[in-house]
Amino acid sequence: MSDVQVVVVGGGPGGYAAAFLAADLGLKTALVDPEPNPGGVCVYRGCIPSKALLHVANLLSETRHAEAWGVSFGAPTIDLAKLRTFKDNVVKRLTSGTGLLAKSRKVRYLEGRGELLDAHTLKVTLARGGEETVRFDHAVIATGSVPAIPASLRVSDPRVMDSTSALDLPDIPKSLLVVGGGYIGLELGSVYAALGSAVSVVEMTDGLLPGADRDLVDVLAKSIAKSMKNVWLKTSVTKMTPDPAGIRVTFDGQPEQVFDRVLVAVGRRPNASVPGLDRTKVALDERGFIIHDEQMRTGEPSIFAIGDVAGEPMLAHKASHEGRTAVEVIAGQKAAFDPRAIPAVVFTDPELAWAGLTEAQAQRTGRKVVVAKFPWAASGRALTLDRTDGLTKLIVDPATERILGVGLVGPNAGELIAEGVLAIEMGATVADLKMTIHPHPTLTETLMESAEVFFGQSTHVYKPKKS
Amino acid sequence: MADFTLPELGENIAAGDVLRVLVQPGDTLTKDQPVLELETDKATIEVPSSVAGKIKEIKVKAGDKVKVGQAILSVDDGAATSAPPPAAPPPAKPAPAEAAAPKEESAPSEVARPFQPSTGSGWSERAEGQSREQDREKVVDFARGARTPVGQPVSDEPAAPAAPSVRRMARELGVDINDVIGSGEDGRISIDDVKAHAKRLIAAATAPAAQGAAAPRAQAEPLPDFSKWGDVERQPMRGVRRKTAEHLGSSWAQIPLVTQYDAADISGFEDIRKRHARQSGAVAAPLTVTALAIKIVAAALKVFPQFNVSIDMAAEEIVVKKYIHIGVAVDTDRGLLVPVIRNADTKTLLQISAEVAELASKARARKLTLDEMQGATFSISNLGGIGGTAFTPLVNSPEVAILGISRGRIEPVFKEGQFAPKMMLPLSLSYDHRAIDGADGARFVRWVAEVFEQPFLLSLQG
């Protein structure tokens, strides 16, 4: 039995950010997670390991690319065990770091699973055996999400993988089918493609990465068309049967084929399966997300919900900000989660990133916007990288000339988007972005020059005046 | 028989004061009929009944404090005593805006707001209804792309041009950022804009209070639940404390206040004071710094008549007073009281000393009349008895200036080529910048300091 002011259930980037801030604010805090250290899906089997592998994938495609510049490395040999160790070590280093941070902050870390006995009591079944009952003033539910697998795709065969098992790199299959053209499928598909698999992507809707603007996705699609064997849009998987030769897959719209492995990455669903949640006034919406207000309060005054379990977008950086908001509210501050923009990044090659209003969203809602685009072919820096396929765009309010949205595709788009987020949050106008001196030669100039395009004055893009 | 108990009124509201009971024993009560007008910390609300029937007994009366769950009344509903518990009462709704602020929509919301989920999906329908297990089967969410957040603005109006830190400040002050007019480039909102907006709201809310109207409470942000961090006790804010809060709140909101600091060398006066104390013993009142300050300020007000005025903004006039009455702040166990020394310019230092002593003891004995606390043209607040090196006194509206005095102490003063120990008295003059210019403020307090140093100047100029 222990008493804490805050207990955080779930140790992902949302949960541990919440627990650490709570401790920093002087609240007695406990953090409950089944893993030995804080990190959650993101660090153990999500963003972090996938990025370690994508780094390697990018390196491999760079070396191939280098042949055009007169540099040849020959065919790469890949030591899969060593690559796995590299990835595992990244995870190990990061999670032992978060573990140490929890310890230094005197956050009580309980390795185990929690069950709510009532709105102020959590029973934790400890991984090392035994139980501990935690009385709390406030709880933050941060149990995240899990891969969603539709019933038709549930095949119990190790060759049918979800994102977690795909990250384990069991082998490099000759052929891989990726079910789902979202960011998880495309990222992991890119990894296997770079390692040498013939990757086919099947997507139910008429485009990859639903949600992102098509002009950005088109750039990525062109590159994917080269690195992957097939991309089937408007196609769905009807049946998968394990076969000694591989997984036999029948499609709606494509002839039947056999693949060495299949990765099912159709999406994730919120993980609100905390036992005992029904003993409280916490309620779920029809999609299984915990209902909360902008202070992250649920229907139960003592319980907050953050991160993937609290709604879309299911992104680590959204979770950590929500976690910090919840704790600030618990600490009596008048905090609220009201971002103007949550950046989204797809770590493919090229990377794709956007924040704030998209052009598609503006069209859908009938909102008047002006879009200014700067093609990277006009960027000196992009030329030096031999990567002129990128694009930077601004979505601007015509009346106030404020920047409402930013979209990017190209190498490093994920890093570049941060400036766009700041611009949106600060209420910057296109003129502000234009007048801010950007270093030369860098890809950041594409943001400045897209602002210049808005005024028809881009140094490197000539547009004849309409008269 | 059925009891009606006080239902949940909203988040953080556990109790309230009964303003009025709207029903009487014998009345036939219908469901949802208002039975109480309840004043809570956040709003005045009408509490609707969840039961129906003939009222047998009313268990509360106006002035009572009632808690959530406490029995309010009982009705004869015709059922046996073992009647099932009443259905969940409908949420209490805020009373019609009979005494609402003129600009209620834009004012920070104080209405007791029950929990409102932001996702907007059927909250209560979900609470009961299908089981969680059923839901889980339905839940296969295809979060394939990182989607744009739900909270995206959909209107054609871009969100208020304010940085996250500014939005946070607005939230903390209970200001709707969309109501704030930005003074920056392209209407960008700064922290100062938010503060100025909040001050205007407070001023608008307290202005009718000055006229004695049944004005709404100052628009303050809702308070957190302090009991989360330890035991608390809520005491009614009555009498002097409430008056002070209202009055100074309105002064603060209306007066652009500047404080000018200075120090007076009172070594000479200290000698006189000690000598006087030895000579007169306990018979006469002692000469005090406060008394001398009153005498000096009374003289200064003749030299600087612009400090002896009030501002009538409505009439766009300055009211110049031909009399000099000095208010003296007195610390009592009931709070701050300010008795007035009338025609201080015509009284001798000894008379003033005696009068201050008398008024102060009357104040502490709660014997001051209202008359004795009205009509001041300038106030003095001497905190030197307690300590401190300087403070910013608040102008006691509708006066336009106040002199604050902190504790005198011996300091090395460089004079005629060497340091000498001098008793220096810290002075802080706060003034209403609408009536008084900065240079005049500095001149006034310098004049006062010089006369403190050489009180005989009083006989020349005063």
# chains A, B, ... in the order shown; residues from 1 in each chain; ligands from 1

call {"tool": "closest_atom_pairs", "arguments": {"of": "chain A", "to": "chain B", "cutoff": "7 Å", "atoms": "only C-alpha atoms", "output": "CSV"}}
result
residue,atom,partner,partner_atom,distance
A:Ala148,CA,B:Val140,CA,5.9
A:Pro150,CA,B:Val140,CA,6.8
A:Gly182,CA,B:Arg144,CA,4.1
A:Tyr183,CA,B:Gly145,CA,5.5
A:Leu209,CA,B:Gly145,CA,5.3
A:Pro210,CA,B:Gly145,CA,5.8
A:Gly211,CA,B:Arg147,CA,5.6
A:Val266,CA,B:Phe142,CA,5.8
A:Gly267,CA,B:Phe142,CA,4.2
A:Arg268,CA,B:Ala143,CA,5.6
A:Arg269,CA,B:Asp141,CA,5.0
A:Ala283,CA,B:Ala127,CA,6.1
A:Asp285,CA,B:Ser121,CA,6.4
A:Glu286,CA,B:Asp135,CA,6.7
A:Arg287,CA,B:Val139,CA,5.1
A:Gly288,CA,B:Val139,CA,5.9
A:Ile291,CA,B:Pro117,CA,6.0
A:His292,CA,B:Pro117,CA,5.0
A:Asp293,CA,B:Pro117,CA,4.5
A:Glu294,CA,B:Ser118,CA,6.2
A:Gly299,CA,B:Phe115,CA,6.8
A:Glu312,CA,B:Pro149,CA,6.4
A:Pro313,CA,B:Arg147,CA,5.3
A:Met314,CA,B:Ala146,CA,6.8
A:Gly332,CA,B:Pro224,CA,5.7
A:Lys334,CA,B:Glu172,CA,5.2
A:Ala335,CA,B:Arg168,CA,6.8
A:Ile342,CA,B:Pro149,CA,7.0
A:Ala344,CA,B:Ala146,CA,5.7
A:Thr365,CA,B:Val154,CA,6.7
A:Arg367,CA,B:Asp156,CA,5.7
A:Glu425,CA,B:Ala163,CA,5.7
A:Met426,CA,B:Ala163,CA,4.2
A:Gly427,CA,B:Pro161,CA,4.7

call {"tool": "residues_around", "arguments": {"residues": "Leu25 of chain A", "least_positions_apart": "6", "cutoff": "10 Å", "atoms": "only C-alpha atoms", "output": "number ranges by chain"}}
result
A: 19, 327-328, 331

call {"tool": "write_last_selection", "arguments": {"atoms": "C-alpha atoms", "output": "PDB file, in the first residue's frame"}}
result
ATOM      1  CA  ALA A  19       5.173  11.531 -14.452  1.00  0.00           C
ATOM      2  CA  VAL A 327      -0.235  17.305 -14.799  1.00  0.00           C
ATOM      3  CA  GLU A 328      -0.323  21.085 -14.880  1.00  0.00           C
ATOM      4  CA  ALA A 331      -1.099  20.878  -9.998  1.00  0.00           C
TER       5      ALA A 331
END

call {"tool": "residues_around", "arguments": {"residues": "Lys393 of chain A", "least_positions_apart": "2", "cutoff": "7 Å", "atoms": "only C-alpha atoms", "output": "list in words"}}
result
Val371, Ala372, Lys373, Phe374, Leu391, Ile395, Val406, Gly407, Leu408 and Ser450 of chain A

call {"tool": "write_last_selection", "arguments": {"atoms": "N, CA and C atoms", "output": "compact mmCIF listing (two decimals), in the first residue's frame"}}
result
# COMPACT_ATOMS: atom_id res chain seq x y z
N VAL A 371 -2.41 29.21 -51.52
CA VAL A 371 -1.32 28.24 -51.34
C VAL A 371 -0.10 28.74 -52.10
N ALA A 372 1.03 28.81 -51.42
CA ALA A 372 2.27 29.21 -52.07
C ALA A 372 3.22 28.02 -52.04
N LYS A 373 3.74 27.67 -53.21
CA LYS A 373 4.61 26.48 -53.28
C LYS A 373 5.99 26.86 -53.79
N PHE A 374 6.98 26.24 -53.22
CA PHE A 374 8.35 26.42 -53.71
C PHE A 374 8.92 25.05 -54.05
N LEU A 391 9.33 19.56 -52.21
CA LEU A 391 8.37 20.65 -52.37
C LEU A 391 8.05 21.24 -50.99
N ILE A 395 0.12 27.28 -46.54
CA ILE A 395 -1.32 27.51 -46.68
C ILE A 395 -1.60 28.79 -45.89
N VAL A 406 1.58 24.35 -43.08
CA VAL A 406 2.84 24.18 -43.80
C VAL A 406 2.94 22.72 -44.20
N GLY A 407 3.37 22.48 -45.42
CA GLY A 407 3.57 21.11 -45.87
C GLY A 407 4.93 20.99 -46.54
N LEU A 408 5.57 19.85 -46.34
CA LEU A 408 6.91 19.66 -46.88
C LEU A 408 7.07 18.22 -47.35
N SER A 450 9.23 30.10 -50.21
CA SER A 450 7.81 29.88 -50.50
C SER A 450 7.02 31.09 -50.02

call {"tool": "residues_around", "arguments": {"residues": "segment 357-365 of chain B", "least_positions_apart": "5", "cutoff": "12 Å", "atoms": "only C-alpha atoms", "output": "PyMOL selection string"}}
result
chain B and resi 240+284-288+290-291+327-342+350-352+370+372-373

call {"tool": "select_by_dssp", "arguments": {"residues": "segment 41-217 of chain A", "states": "strand (DSSP E or B)", "output": "VMD selection string"}}
result
chain A and resid 108 to 118 121 to 126 131 to 141 145 to 147 160 to 161 175 to 179 198 to 202

call {"tool": "residues_around", "arguments": {"residues": "Phe455 of chain A", "least_positions_apart": "4", "cutoff": "12 Å", "atoms": "only C-alpha atoms", "output": "PyMOL selection string"}}
result
chain A and resi 370-373+396+398+401+429-431+433-435+448-451+459+461-463+465

call {"tool": "select_by_dssp", "arguments": {"residues": "segment 105-342 of chain A", "states": "helix (DSSP H, G or I)", "output": "PyMOL selection string"}}
result
chain A and resi 151-153+163-167+183-195+214-227+277-279+307-310+316-330

call {"tool": "atom_distance", "arguments": {"atom1": "atom CA of Arg214 of chain A", "atom2": "atom CA of Leu404 of chain A"}}
result
17.7 Å

call {"tool": "atom_distance", "arguments": {"atom1": "atom CA of Arg45 of chain A", "atom2": "atom CA of Asp168 of chain A"}}
result
8.6 Å

call {"tool": "closest_residue", "arguments": {"among": "B:Pro421, B:Pro398, B:Pro48, B:Pro455", "to": "Leu248 of chain B", "atoms": "only C-alpha atoms"}}
result
B:Pro398

call {"tool": "atom_distance", "arguments": {"atom1": "atom CA of Glu399 of chain B", "atom2": "atom CA of Asp312 of chain B"}}
result
11.1 Å

call {"tool": "residues_around", "arguments": {"residues": "Gly414 of chain A", "least_positions_apart": "6", "cutoff": "9 Å", "atoms": "only C-alpha atoms", "output": "ChimeraX atom specification"}}
result
/A:343-347,351-354,408

call {"tool": "residues_around", "arguments": {"residues": "segment 30-41 of chain B", "least_positions_apart": "2", "cutoff": "6 Å", "atoms": "only C-alpha atoms", "output": "count of residues only"}}
result
18
